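Containing CSV, C-alpha atoms and all ligand atoms: structure_13.csv.
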chain,number,residue,atom,x,y,z
A,1,MET,CA,61.5,77.9,134.7
A,2,VAL,CA,62.0,74.4,136.2
A,3,LEU,CA,64.4,73.6,133.3
A,4,GLU,CA,66.4,76.7,134.2
A,5,LYS,CA,66.6,75.8,137.9
A,6,LYS,CA,67.7,72.3,137.0
A,7,SER,CA,70.3,73.5,134.6
A,8,ALA,CA,71.6,75.9,137.3
A,9,LEU,CA,72.2,72.8,139.5
A,10,LEU,CA,74.5,71.4,136.8
A,11,GLU,CA,76.1,74.8,136.3
A,12,ASP,CA,76.8,75.1,140.0
A,13,LEU,CA,78.3,71.7,140.1
A,14,ILE,CA,80.7,72.5,137.2
A,15,LYS,CA,81.6,75.8,139.0
A,16,LYS,CA,82.3,74.0,142.3
A,17,CYS,CA,84.5,71.6,140.4
A,18,GLY,CA,86.6,74.4,139.2
A,19,GLY,CA,85.1,74.5,135.7
A,20,CYS,CA,85.1,70.9,134.8
A,21,ALA,CA,83.0,68.1,136.3
A,22,VAL,CA,83.9,64.4,136.3
A,23,VAL,CA,81.4,61.9,134.7
A,24,ASP,CA,81.7,58.2,135.8
A,25,GLY,CA,83.3,55.5,133.7
A,26,GLY,CA,82.3,52.3,132.0
A,27,PHE,CA,79.3,51.0,133.8
A,28,ALA,CA,79.0,47.7,131.9
A,29,THR,CA,82.8,47.2,132.2
A,30,GLN,CA,82.6,47.4,136.0
A,31,LEU,CA,79.6,45.0,136.1
A,32,GLU,CA,81.7,42.5,134.1
A,33,ILE,CA,84.7,43.0,136.4
A,34,HIS,CA,82.4,41.8,139.2
A,35,GLY,CA,81.4,38.8,137.2
A,36,ALA,CA,78.1,39.9,135.6
A,37,ALA,CA,77.3,38.0,132.4
A,38,ILE,CA,76.0,40.7,130.0
A,39,ASN,CA,76.4,39.0,126.6
A,40,ASP,CA,72.7,39.5,126.2
A,41,PRO,CA,70.4,41.5,123.9
A,42,LEU,CA,69.8,43.8,127.0
A,43,TRP,CA,73.6,44.1,127.6
A,44,SER,CA,74.3,46.0,130.8
A,45,ALA,CA,70.6,46.5,131.5
A,46,VAL,CA,70.2,42.7,132.1
A,47,SER,CA,71.5,43.5,135.6
A,48,LEU,CA,68.3,45.4,136.3
A,49,ILE,CA,66.5,42.0,136.1
A,50,LYS,CA,69.3,39.8,137.5
A,51,ASN,CA,71.3,41.8,140.1
A,52,PRO,CA,70.1,45.3,141.0
A,53,GLU,CA,72.3,45.3,144.1
A,54,LEU,CA,75.4,45.0,141.9
A,55,ILE,CA,74.2,48.1,140.0
A,56,LYS,CA,74.2,50.1,143.2
A,57,ARG,CA,77.6,48.8,144.2
A,58,VAL,CA,79.0,49.9,140.8
A,59,HIS,CA,77.5,53.4,141.2
A,60,MET,CA,79.1,53.6,144.7
A,61,GLU,CA,82.5,52.6,143.3
A,62,TYR,CA,82.4,55.4,140.8
A,63,LEU,CA,81.3,57.9,143.4
A,64,GLU,CA,84.1,56.8,145.7
A,65,ALA,CA,86.5,57.2,142.7
A,66,GLY,CA,85.4,60.8,142.4
A,67,ALA,CA,82.6,60.9,139.9
A,68,ASP,CA,80.5,64.1,140.1
A,69,ILE,CA,77.9,62.6,137.8
A,70,VAL,CA,76.7,59.0,137.8
A,71,VAL,CA,75.0,57.6,134.7
A,72,THR,CA,72.2,55.1,135.2
A,73,SER,CA,71.9,51.5,134.1
A,74,SER,CA,69.3,52.2,131.5
A,75,TYR,CA,71.5,52.5,128.4
A,76,GLN,CA,70.1,49.3,126.8
A,77,ALA,CA,67.0,49.1,128.9
A,78,THR,CA,64.0,49.6,126.6
A,79,ILE,CA,60.3,48.6,126.9
A,80,PRO,CA,60.4,46.5,123.6
A,81,GLY,CA,63.6,44.9,124.9
A,82,PHE,CA,62.0,43.9,128.1
A,83,LEU,CA,58.8,42.8,126.4
A,84,SER,CA,60.7,40.4,124.2
A,85,ARG,CA,62.0,38.8,127.4
A,86,GLY,CA,58.4,38.1,128.5
A,87,LEU,CA,58.1,41.0,130.9
A,88,SER,CA,54.9,43.0,131.0
A,89,ILE,CA,54.7,46.7,130.2
A,90,GLU,CA,54.2,47.5,133.9
A,91,GLU,CA,57.3,45.4,134.8
A,92,SER,CA,59.4,47.0,132.1
A,93,GLU,CA,58.4,50.5,133.2
A,94,SER,CA,59.1,49.7,136.8
A,95,LEU,CA,62.7,48.5,135.8
A,96,LEU,CA,63.3,51.8,134.0
A,97,GLN,CA,62.2,53.7,137.1
A,98,LYS,CA,64.4,51.4,139.2
A,99,SER,CA,67.4,52.3,137.2
A,100,VAL,CA,67.1,55.9,138.4
A,101,GLU,CA,66.2,54.9,141.9
A,102,LEU,CA,69.3,52.8,142.3
A,103,ALA,CA,71.5,55.6,141.2
A,104,VAL,CA,69.7,58.2,143.4
A,105,GLU,CA,69.9,55.8,146.4
A,106,ALA,CA,73.7,55.2,145.8
A,107,ARG,CA,74.3,59.0,145.5
A,108,ASP,CA,72.3,59.8,148.6
A,109,ARG,CA,73.9,57.0,150.7
A,110,PHE,CA,77.4,58.1,149.6
A,111,TRP,CA,76.7,61.8,150.2
A,112,GLU,CA,75.3,61.0,153.7
A,113,LYS,CA,78.5,59.0,154.4
A,114,VAL,CA,81.0,61.6,153.2
A,115,SER,CA,79.2,64.6,154.6
A,116,LYS,CA,80.2,63.3,158.1
A,117,VAL,CA,83.9,63.4,157.1
A,118,SER,CA,85.4,66.8,157.7
A,119,GLY,CA,87.6,68.2,154.9
A,120,HIS,CA,86.4,65.7,152.3
A,121,SER,CA,86.8,66.8,148.7
A,122,TYR,CA,83.7,65.3,147.2
A,123,ASN,CA,80.7,67.1,145.6
A,124,ARG,CA,77.1,66.0,145.9
A,125,ALA,CA,76.9,64.1,142.7
A,126,LEU,CA,74.1,64.4,140.1
A,127,VAL,CA,72.3,61.5,138.5
A,128,ALA,CA,72.1,61.3,134.7
A,129,ALA,CA,69.5,58.9,133.2
A,130,SER,CA,71.1,57.1,130.3
A,131,ILE,CA,69.2,56.9,127.1
A,132,GLY,CA,71.0,54.7,124.7
A,133,SER,CA,70.5,55.1,120.9
A,134,TYR,CA,68.2,53.0,118.8
A,135,GLY,CA,71.3,51.2,117.6
A,136,ALA,CA,72.1,50.1,121.1
A,137,TYR,CA,68.6,48.6,121.4
A,138,LEU,CA,69.1,46.8,118.0
A,139,ALA,CA,72.2,45.2,119.6
A,140,ASP,CA,73.9,44.8,116.2
A,141,GLY,CA,76.7,47.3,116.6
A,142,SER,CA,74.7,50.0,114.6
A,143,GLU,CA,75.5,52.6,117.2
A,144,TYR,CA,78.9,52.6,115.5
A,145,SER,CA,77.6,52.6,111.9
A,146,GLY,CA,74.7,54.9,112.1
A,147,HIS,CA,72.9,52.9,109.4
A,148,TYR,CA,69.4,52.2,110.5
A,149,GLY,CA,68.0,51.5,107.1
A,150,GLU,CA,65.5,53.3,105.0
A,151,ASN,CA,62.5,52.3,107.0
A,152,VAL,CA,63.7,54.1,110.1
A,153,SER,CA,62.1,57.6,109.9
A,154,LEU,CA,62.2,60.5,112.3
A,155,ASP,CA,58.8,59.5,113.6
A,156,LYS,CA,59.8,55.9,114.2
A,157,LEU,CA,62.8,57.1,116.2
A,158,LYS,CA,60.6,59.4,118.2
A,159,ASP,CA,58.1,56.6,118.9
A,160,PHE,CA,61.0,54.3,120.0
A,161,HIS,CA,62.3,56.9,122.5
A,162,ARG,CA,59.0,58.4,123.7
A,163,ARG,CA,57.7,56.1,126.5
A,164,ARG,CA,61.1,55.3,127.9
A,165,LEU,CA,61.9,59.0,128.1
A,166,GLN,CA,58.6,59.7,129.8
A,167,VAL,CA,59.2,57.0,132.4
A,168,LEU,CA,62.8,58.1,133.1
A,169,VAL,CA,61.8,61.7,133.4
A,170,GLU,CA,59.0,60.8,135.8
A,171,ALA,CA,61.6,58.9,138.0
A,172,GLY,CA,63.3,62.3,138.7
A,173,PRO,CA,66.9,62.2,137.5
A,174,ASP,CA,68.9,65.4,137.6
A,175,LEU,CA,69.9,65.1,133.9
A,176,LEU,CA,69.3,63.1,130.8
A,177,ALA,CA,72.3,61.5,129.0
A,178,PHE,CA,71.6,60.5,125.4
A,179,GLU,CA,74.5,58.2,124.5
A,180,THR,CA,76.2,56.9,121.4
A,181,ILE,CA,73.9,58.7,118.9
A,182,PRO,CA,75.3,57.8,115.5
A,183,ASN,CA,73.5,60.1,113.1
A,184,LYS,CA,71.6,63.4,112.7
A,185,LEU,CA,68.2,61.9,112.3
A,186,GLU,CA,68.3,60.4,115.8
A,187,ALA,CA,69.7,63.6,117.3
A,188,GLN,CA,66.9,65.5,115.8
A,189,ALA,CA,64.3,63.0,117.0
A,190,CYS,CA,65.7,63.3,120.6
A,191,VAL,CA,65.6,67.1,120.5
A,192,GLU,CA,62.0,67.2,119.0
A,193,LEU,CA,60.9,64.7,121.6
A,194,LEU,CA,62.2,66.8,124.5
A,195,GLU,CA,60.3,69.7,123.2
A,196,GLU,CA,57.1,67.8,122.5
A,197,GLU,CA,57.1,66.2,125.9
A,198,LYS,CA,57.9,69.5,127.5
A,199,VAL,CA,60.8,67.9,129.5
A,200,GLN,CA,62.1,70.1,132.3
A,201,ILE,CA,65.4,68.3,132.9
A,202,PRO,CA,68.5,69.4,131.1
A,203,ALA,CA,70.1,66.9,128.6
A,204,TRP,CA,73.3,66.1,126.9
A,205,ILE,CA,73.5,64.4,123.6
A,206,CYS,CA,76.7,62.5,122.8
A,207,PHE,CA,77.6,61.1,119.4
A,208,THR,CA,80.0,58.3,118.6
A,209,SER,CA,82.7,58.6,116.0
A,210,VAL,CA,84.7,55.9,114.2
A,211,ASP,CA,87.0,58.2,112.2
A,212,GLY,CA,87.6,61.1,114.6
A,213,GLU,CA,86.1,63.5,112.1
A,214,LYS,CA,82.4,62.8,111.5
A,215,ALA,CA,79.5,60.9,113.0
A,216,PRO,CA,79.4,57.2,112.2
A,217,SER,CA,76.7,57.8,109.5
A,218,GLY,CA,79.3,60.0,107.6
A,219,GLU,CA,77.4,63.2,108.4
A,220,SER,CA,79.5,66.1,109.5
A,221,PHE,CA,79.1,67.3,113.1
A,222,GLU,CA,78.2,70.7,111.6
A,223,GLU,CA,75.0,69.0,110.3
A,224,CYS,CA,74.4,66.9,113.4
A,225,LEU,CA,74.7,69.8,115.8
A,226,GLU,CA,72.4,72.1,113.9
A,227,PRO,CA,69.1,70.9,115.6
A,228,LEU,CA,70.8,70.7,119.0
A,229,ASN,CA,72.1,74.3,118.9
A,230,LYS,CA,68.6,75.6,118.7
A,231,SER,CA,67.2,73.7,121.6
A,232,ASN,CA,66.9,75.0,125.2
A,233,ASN,CA,66.7,71.5,126.5
A,234,ILE,CA,70.2,70.7,125.5
A,235,TYR,CA,72.8,71.7,128.0
A,236,ALA,CA,75.8,69.9,126.5
A,237,VAL,CA,76.8,68.1,123.4
A,238,GLY,CA,79.8,65.9,122.8
A,239,ILE,CA,81.2,62.4,122.3
A,240,ASN,CA,81.1,59.2,124.2
A,241,CYS,CA,82.4,55.7,123.5
A,242,ALA,CA,84.8,56.8,120.8
A,243,PRO,CA,88.6,56.2,121.1
A,244,PRO,CA,90.4,58.8,123.3
A,245,GLN,CA,92.9,59.7,120.6
A,246,PHE,CA,90.0,61.3,118.6
A,247,ILE,CA,88.9,63.6,121.4
A,248,GLU,CA,91.3,66.5,121.1
A,249,ASN,CA,90.4,67.1,117.5
A,250,LEU,CA,86.7,66.6,118.2
A,251,ILE,CA,86.7,69.1,121.0
A,252,ARG,CA,88.4,71.7,118.8
A,253,LYS,CA,85.8,71.0,116.1
A,254,PHE,CA,82.8,71.2,118.5
A,255,ALA,CA,84.1,74.4,120.0
A,256,LYS,CA,83.7,76.0,116.6
A,257,LEU,CA,80.3,74.6,116.0
A,258,THR,CA,78.4,75.2,119.2
A,259,LYS,CA,78.0,77.4,122.3
A,260,LYS,CA,76.7,74.5,124.3
A,261,ALA,CA,78.9,73.0,127.0
A,262,ILE,CA,81.1,70.2,125.7
A,263,VAL,CA,81.0,66.7,127.2
A,264,VAL,CA,83.5,63.9,126.4
A,265,TYR,CA,83.7,60.5,127.9
A,266,PRO,CA,85.6,58.2,125.5
A,267,ASN,CA,86.2,54.4,125.8
A,268,SER,CA,89.7,52.9,126.3
A,269,GLY,CA,90.4,52.8,122.6
A,270,GLU,CA,89.3,49.2,122.1
A,271,VAL,CA,86.9,48.5,119.2
A,272,TRP,CA,83.5,46.9,119.7
A,273,ASP,CA,82.8,44.0,117.3
A,274,GLY,CA,79.0,44.1,117.1
A,275,LYS,CA,78.7,40.6,115.5
A,276,ALA,CA,81.1,38.7,117.8
A,277,LYS,CA,79.9,40.9,120.8
A,278,GLN,CA,83.3,41.5,122.1
A,279,TRP,CA,85.9,44.2,122.4
A,280,LEU,CA,88.8,43.8,119.9
A,281,PRO,CA,92.2,44.7,121.1
A,282,SER,CA,93.3,47.9,119.5
A,283,GLN,CA,95.4,50.9,120.5
A,284,CYS,CA,94.3,50.9,124.1
A,285,PHE,CA,94.9,53.7,126.7
A,286,GLY,CA,95.5,53.3,130.4
A,287,ASP,CA,94.8,55.4,133.4
A,288,ASP,CA,98.0,57.5,133.2
A,289,GLU,CA,97.3,58.4,129.6
A,290,PHE,CA,93.7,59.3,130.5
A,291,GLU,CA,95.0,61.6,133.2
A,292,MET,CA,97.2,63.4,130.7
A,293,PHE,CA,94.4,63.5,128.1
A,294,ALA,CA,91.9,64.9,130.7
A,295,THR,CA,94.1,68.0,131.4
A,296,LYS,CA,94.3,68.7,127.7
A,297,TRP,CA,90.6,68.2,127.1
A,298,ARG,CA,89.8,70.5,130.0
A,299,ASP,CA,92.2,73.2,128.7
A,300,LEU,CA,90.5,73.0,125.3
A,301,GLY,CA,87.2,73.8,127.0
A,302,ALA,CA,85.4,70.5,127.9
A,303,LYS,CA,83.1,71.0,130.9
A,304,LEU,CA,82.3,67.4,131.5
A,305,ILE,CA,84.9,64.7,131.3
A,306,GLY,CA,84.8,61.0,132.1
A,307,GLY,CA,85.2,57.5,130.6
A,308,CYS,CA,83.0,55.1,128.8
A,309,CYS,CA,83.4,51.4,128.0
A,310,ARG,CA,86.6,49.6,129.2
A,311,THR,CA,87.4,52.4,131.6
A,312,THR,CA,87.1,51.7,135.3
A,313,PRO,CA,86.9,53.4,138.7
A,314,SER,CA,90.7,53.7,138.7
A,315,THR,CA,90.5,55.7,135.4
A,316,ILE,CA,87.9,58.0,137.0
A,317,ASN,CA,90.1,58.3,140.1
A,318,ALA,CA,93.0,59.4,137.9
A,319,ILE,CA,90.9,61.9,136.0
A,320,SER,CA,89.4,63.3,139.2
A,321,ARG,CA,92.8,63.7,140.9
A,322,ASP,CA,94.0,65.5,137.8
A,323,LEU,CA,91.1,67.8,137.3
B,401,LIG,C1,78.4,50.4,123.6
B,401,LIG,S1,78.2,48.8,122.8
B,401,LIG,C2,79.5,48.0,123.5
B,401,LIG,C3,76.8,48.2,123.7
B,401,LIG,C4,76.4,46.8,123.4
B,401,LIG,C5,75.7,46.7,122.0
B,401,LIG,N1,74.6,47.7,121.9
B,401,LIG,C6,75.2,45.3,121.9
B,401,LIG,O1,74.2,45.0,122.4
B,401,LIG,O2,75.8,44.6,121.2
B,402,LIG,N1,76.7,53.9,129.8
B,402,LIG,C1,76.7,52.6,129.1
B,402,LIG,C2,77.7,52.6,128.0
B,402,LIG,C3,77.4,53.5,126.9
B,402,LIG,S1,78.4,53.1,125.5
B,402,LIG,C4,76.9,51.5,130.0
B,402,LIG,O1,78.0,51.2,130.4
B,402,LIG,O2,75.9,50.7,130.2
B,403,ZN,ZN,80.6,52.9,126.0
In structure tokens, how does this file's structure come out?
Amino acid sequence: MVLEKKSALLEDLIKKCGGCAVVDGGFATQLEIHGAAINDPLWSAVSLIKNPELIKRVHMEYLEAGADIVVTSSYQATIPGFLSRGLSIEESESLLQKSVELAVEARDRFWEKVSKVSGHSYNRALVAASIGSYGAYLADGSEYSGHYGENVSLDKLKDFHRRRLQVLVEAGPDLLAFETIPNKLEAQACVELLEEEKVQIPAWICFTSVDGEKAPSGESFEECLEPLNKSNNIYAVGINCAPPQFIENLIRKFAKLTKKAIVVYPNSGEVWDGKAKQWLPSQCFGDDEFEMFATKWRDLGAKLIGGCCRTTPSTINAISRDL
């Protein structure tokens, strides 16, 4: 019942937006633009320790740009990651909770401000708690390979995700955003966990893709979507942090494989070098191209559209104007 009410909130937002809501853009990218040093095993989540005020500022910038959904700073925030930094379990859990609080505070402050302006065109945004893949935690680029090795079982992945999920859910986000999932095993672990934990918050699960056809593991999306299609917890499925030129084909593919809403928020087209920990120049798309792409993606049926790494508030502004 609670799950249905919360899903209705998202459904209403999509309706208010005319059928397609705008997700924010590269969170880590905007932190870096403001000078944050994130070459760190915790990547963007290091800012939860070092500069929480900057996190709030970045959320505000995406809201001002027109994001209807803001994704929290918890992508690479994990309890084992914080523990290996010398933090206690209590401190680690409180940072996870803080990631949701910062986004909720930004959303509430922004909404209070714009509500006073007559004729504004904003919607009250929703907060999606980011849950990065196991590969993101490994910080070795394996969210783009999907190869976790033979020792990584379904149970191990569930154990990895369980406590963080509980803490994030407890913090009260509107949605859960599983990001850069690279294989079927992890997608299945996430779905089973949502059921086992009786989570009453709708979720989306986004995969990466490095060839525009399959998940990074080489598994077909037909296989990967199979456990998701059966789950009431999953509101939307899609792709994040893959190059934008793959998205049209992938939406067409997903539309044949699922009745779930489709969510897409690609990166700029640059490619992440997991060893060197830097973005390699590649075919890279700017705001004007994103604007054109977004119309196409909406027309193909995507209900949630935004940007991921190397996109900025100006990208989101272009998408928002367009949609
Ligand atoms: C989406 S990738 C660019 C995030 C960073 C990666 N997990 C790492 O730590 O190297
Ligand atoms: N939402 C994440 C990126 C996922 S690839 C972040 O920017 O921290
Ligand atoms: Zn990304």
Per residue of chain A within 10 Å of ligand ZN 403 (chain B), what are the shortest atom pair and its distance in Å to one decimal, counting all atoms listed in the file, with rows by chain and residue number, as a tab-separated table?
residue	atom	partner	partner_atom	distance
A:Gly25	CA	B:ZN403	ZN	8.6
A:Gly26	CA	B:ZN403	ZN	6.3
A:Phe27	CA	B:ZN403	ZN	8.1
A:Ala28	CA	B:ZN403	ZN	8.0
A:Thr29	CA	B:ZN403	ZN	8.7
A:Tyr75	CA	B:ZN403	ZN	9.4
A:Gly132	CA	B:ZN403	ZN	9.9
A:Glu179	CA	B:ZN403	ZN	8.2
A:Thr180	CA	B:ZN403	ZN	7.5
A:Thr208	CA	B:ZN403	ZN	9.2
A:Asn240	CA	B:ZN403	ZN	6.6
A:Cys241	CA	B:ZN403	ZN	4.2
A:Ala242	CA	B:ZN403	ZN	7.7
A:Pro243	CA	B:ZN403	ZN	9.9
A:Tyr265	CA	B:ZN403	ZN	8.4
A:Pro266	CA	B:ZN403	ZN	7.3
A:Asn267	CA	B:ZN403	ZN	5.8
A:Ser268	CA	B:ZN403	ZN	9.1
A:Trp272	CA	B:ZN403	ZN	9.2
A:Gly307	CA	B:ZN403	ZN	8.0
A:Cys308	CA	B:ZN403	ZN	4.3
A:Cys309	CA	B:ZN403	ZN	3.8
A:Arg310	CA	B:ZN403	ZN	7.6
A:Thr311	CA	B:ZN403	ZN	8.8
Once you count all atoms listed in the file, what closest atom pair and distance in Å to one decimal does each residue of chain A within 9 Å of ligand LIG 401 (chain B) have, with rows by chain and rising residue number, as JSON lines?
{"residue": "A:Ala28", "atom": "CA", "partner": "B:LIG401", "partner_atom": "C2", "distance": 8.4}
{"residue": "A:Ile38", "atom": "CA", "partner": "B:LIG401", "partner_atom": "O1", "distance": 8.9}
{"residue": "A:Asn39", "atom": "CA", "partner": "B:LIG401", "partner_atom": "O1", "distance": 7.6}
{"residue": "A:Asp40", "atom": "CA", "partner": "B:LIG401", "partner_atom": "O1", "distance": 6.9}
{"residue": "A:Pro41", "atom": "CA", "partner": "B:LIG401", "partner_atom": "O1", "distance": 5.4}
{"residue": "A:Leu42", "atom": "CA", "partner": "B:LIG401", "partner_atom": "O1", "distance": 6.5}
{"residue": "A:Trp43", "atom": "CA", "partner": "B:LIG401", "partner_atom": "O1", "distance": 5.3}
{"residue": "A:Ser44", "atom": "CA", "partner": "B:LIG401", "partner_atom": "C4", "distance": 7.7}
{"residue": "A:Tyr75", "atom": "CA", "partner": "B:LIG401", "partner_atom": "C3", "distance": 8.3}
{"residue": "A:Gln76", "atom": "CA", "partner": "B:LIG401", "partner_atom": "N1", "distance": 6.8}
{"residue": "A:Gly132", "atom": "CA", "partner": "B:LIG401", "partner_atom": "N1", "distance": 8.4}
{"residue": "A:Ser133", "atom": "CA", "partner": "B:LIG401", "partner_atom": "N1", "distance": 8.5}
{"residue": "A:Tyr134", "atom": "CA", "partner": "B:LIG401", "partner_atom": "N1", "distance": 8.9}
{"residue": "A:Gly135", "atom": "CA", "partner": "B:LIG401", "partner_atom": "N1", "distance": 6.5}
{"residue": "A:Ala136", "atom": "CA", "partner": "B:LIG401", "partner_atom": "N1", "distance": 3.6}
{"residue": "A:Tyr137", "atom": "CA", "partner": "B:LIG401", "partner_atom": "N1", "distance": 6.1}
{"residue": "A:Leu138", "atom": "CA", "partner": "B:LIG401", "partner_atom": "N1", "distance": 6.8}
{"residue": "A:Ala139", "atom": "CA", "partner": "B:LIG401", "partner_atom": "O1", "distance": 3.4}
{"residue": "A:Asp140", "atom": "CA", "partner": "B:LIG401", "partner_atom": "O2", "distance": 5.4}
{"residue": "A:Gly141", "atom": "CA", "partner": "B:LIG401", "partner_atom": "O2", "distance": 5.4}
{"residue": "A:Ser142", "atom": "CA", "partner": "B:LIG401", "partner_atom": "N1", "distance": 7.7}
{"residue": "A:Glu143", "atom": "CA", "partner": "B:LIG401", "partner_atom": "N1", "distance": 6.8}
{"residue": "A:Tyr144", "atom": "CA", "partner": "B:LIG401", "partner_atom": "S1", "distance": 8.3}
{"residue": "A:Glu179", "atom": "CA", "partner": "B:LIG401", "partner_atom": "C1", "distance": 8.8}
{"residue": "A:Thr180", "atom": "CA", "partner": "B:LIG401", "partner_atom": "C1", "distance": 7.2}
{"residue": "A:Cys241", "atom": "CA", "partner": "B:LIG401", "partner_atom": "C1", "distance": 6.6}
{"residue": "A:Val271", "atom": "CA", "partner": "B:LIG401", "partner_atom": "C2", "distance": 8.6}
{"residue": "A:Trp272", "atom": "CA", "partner": "B:LIG401", "partner_atom": "C2", "distance": 5.6}
{"residue": "A:Asp273", "atom": "CA", "partner": "B:LIG401", "partner_atom": "O2", "distance": 8.0}
{"residue": "A:Gly274", "atom": "CA", "partner": "B:LIG401", "partner_atom": "O2", "distance": 5.2}
{"residue": "A:Lys275", "atom": "CA", "partner": "B:LIG401", "partner_atom": "O2", "distance": 7.5}
{"residue": "A:Ala276", "atom": "CA", "partner": "B:LIG401", "partner_atom": "O2", "distance": 8.6}
{"residue": "A:Lys277", "atom": "CA", "partner": "B:LIG401", "partner_atom": "O2", "distance": 5.5}
{"residue": "A:Gln278", "atom": "CA", "partner": "B:LIG401", "partner_atom": "C2", "distance": 7.7}
{"residue": "A:Trp279", "atom": "CA", "partner": "B:LIG401", "partner_atom": "C2", "distance": 7.5}
{"residue": "A:Cys308", "atom": "CA", "partner": "B:LIG401", "partner_atom": "C1", "distance": 8.4}
{"residue": "A:Cys309", "atom": "CA", "partner": "B:LIG401", "partner_atom": "C1", "distance": 6.7}
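The space separating atom CA of Glu291 of chain A from atom CA of Thr315 of chain A comes to 7.7 Å.
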Distance query segment 296-301 of chain A at most 8 Å, all atoms listed in the file, self and fewer than 2 positions along chain excluded, as a PyMOL selection string: chain A and resi 20+247-248+251-252+255+262+292-294+303+305+323
Expected answer as an MDAnalysis selection string: all residues with atoms within 12 Å of (62.1, 57.9, 130.3), only C-alpha atoms: chainID A and resid 72 74:75 77:79 92:100 128:132 160:173 175:178 190 193:194 197 199 201
Could you write out the selected residues, including C-alpha atoms, as a tab-separated table (two decimals), in the coordinates of the input?
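Result saved to part.tsv:
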chain	number	residue	atom	x	y	z
A	72	THR	CA	72.20	55.10	135.20
A	74	SER	CA	69.30	52.20	131.50
A	75	TYR	CA	71.50	52.50	128.40
A	77	ALA	CA	67.00	49.10	128.90
A	78	THR	CA	64.00	49.60	126.60
A	79	ILE	CA	60.30	48.60	126.90
A	92	SER	CA	59.40	47.00	132.10
A	93	GLU	CA	58.40	50.50	133.20
A	94	SER	CA	59.10	49.70	136.80
A	95	LEU	CA	62.70	48.50	135.80
A	96	LEU	CA	63.30	51.80	134.00
A	97	GLN	CA	62.20	53.70	137.10
A	98	LYS	CA	64.40	51.40	139.20
A	99	SER	CA	67.40	52.30	137.20
A	100	VAL	CA	67.10	55.90	138.40
A	128	ALA	CA	72.10	61.30	134.70
A	129	ALA	CA	69.50	58.90	133.20
A	130	SER	CA	71.10	57.10	130.30
A	131	ILE	CA	69.20	56.90	127.10
A	132	GLY	CA	71.00	54.70	124.70
A	160	PHE	CA	61.00	54.30	120.00
A	161	HIS	CA	62.30	56.90	122.50
A	162	ARG	CA	59.00	58.40	123.70
A	163	ARG	CA	57.70	56.10	126.50
A	164	ARG	CA	61.10	55.30	127.90
A	165	LEU	CA	61.90	59.00	128.10
A	166	GLN	CA	58.60	59.70	129.80
A	167	VAL	CA	59.20	57.00	132.40
A	168	LEU	CA	62.80	58.10	133.10
A	169	VAL	CA	61.80	61.70	133.40
A	170	GLU	CA	59.00	60.80	135.80
A	171	ALA	CA	61.60	58.90	138.00
A	172	GLY	CA	63.30	62.30	138.70
A	173	PRO	CA	66.90	62.20	137.50
A	175	LEU	CA	69.90	65.10	133.90
A	176	LEU	CA	69.30	63.10	130.80
A	177	ALA	CA	72.30	61.50	129.00
A	178	PHE	CA	71.60	60.50	125.40
A	190	CYS	CA	65.70	63.30	120.60
A	193	LEU	CA	60.90	64.70	121.60
A	194	LEU	CA	62.20	66.80	124.50
A	197	GLU	CA	57.10	66.20	125.90
A	199	VAL	CA	60.80	67.90	129.50
A	201	ILE	CA	65.40	68.30	132.90
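Take the candidates A:Asp287, A:Asp174, A:Glu219, A:Glu213 and check each one against Leu9 of chain A using all atoms listed in the file; the shortest distance goes to A:Asp174.
The interatomic distance for the pair atom CA of Ile239 of chain A and atom CA of Val263 of chain A works out to 6.5 Å.
Distance annotation: of A:Ala318, A:Leu48, A:Val104, A:Leu250, the residue with the minimal separation from ligand LIG 402 (chain B) is A:Leu48; atom set is all atoms listed in the file.
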Distance of atom CA of Arg107 of chain A from atom CA of Leu126 of chain A, expressed in Å to one decimal place: 7.6 Å
Nearby residues (all atoms listed in the file) at most 10 Å from Ser153 of chain A, same-chain spacing under 5 positions excluded, as a ChimeraX atom specification: /A:148,158-159,185-186,189
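Shortest atom-to-atom contact with ligand LIG 402 (chain B) among A:Thr312, A:Ser282, A:Thr295, A:Ser7: A:Thr312, counting all atoms listed in the file.
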Of the listed residues A:Phe207, A:Glu53, A:Ala8, A:Ile14, that which approaches ligand LIG 402 (chain B) most closely, counting only C-alpha atoms and all ligand atoms: A:Phe207
Of the listed residues A:Val191, A:Ile316, A:Leu154, A:Val117, that which approaches Val70 of chain A most closely, counting all atoms listed in the file: A:Ile316
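In terms of minimum interatomic distance to ligand LIG 402 (chain B), A:Leu31 ranks closest within A:Leu13, A:Leu63, A:Val22, A:Leu31, counting only C-alpha atoms and all ligand atoms.
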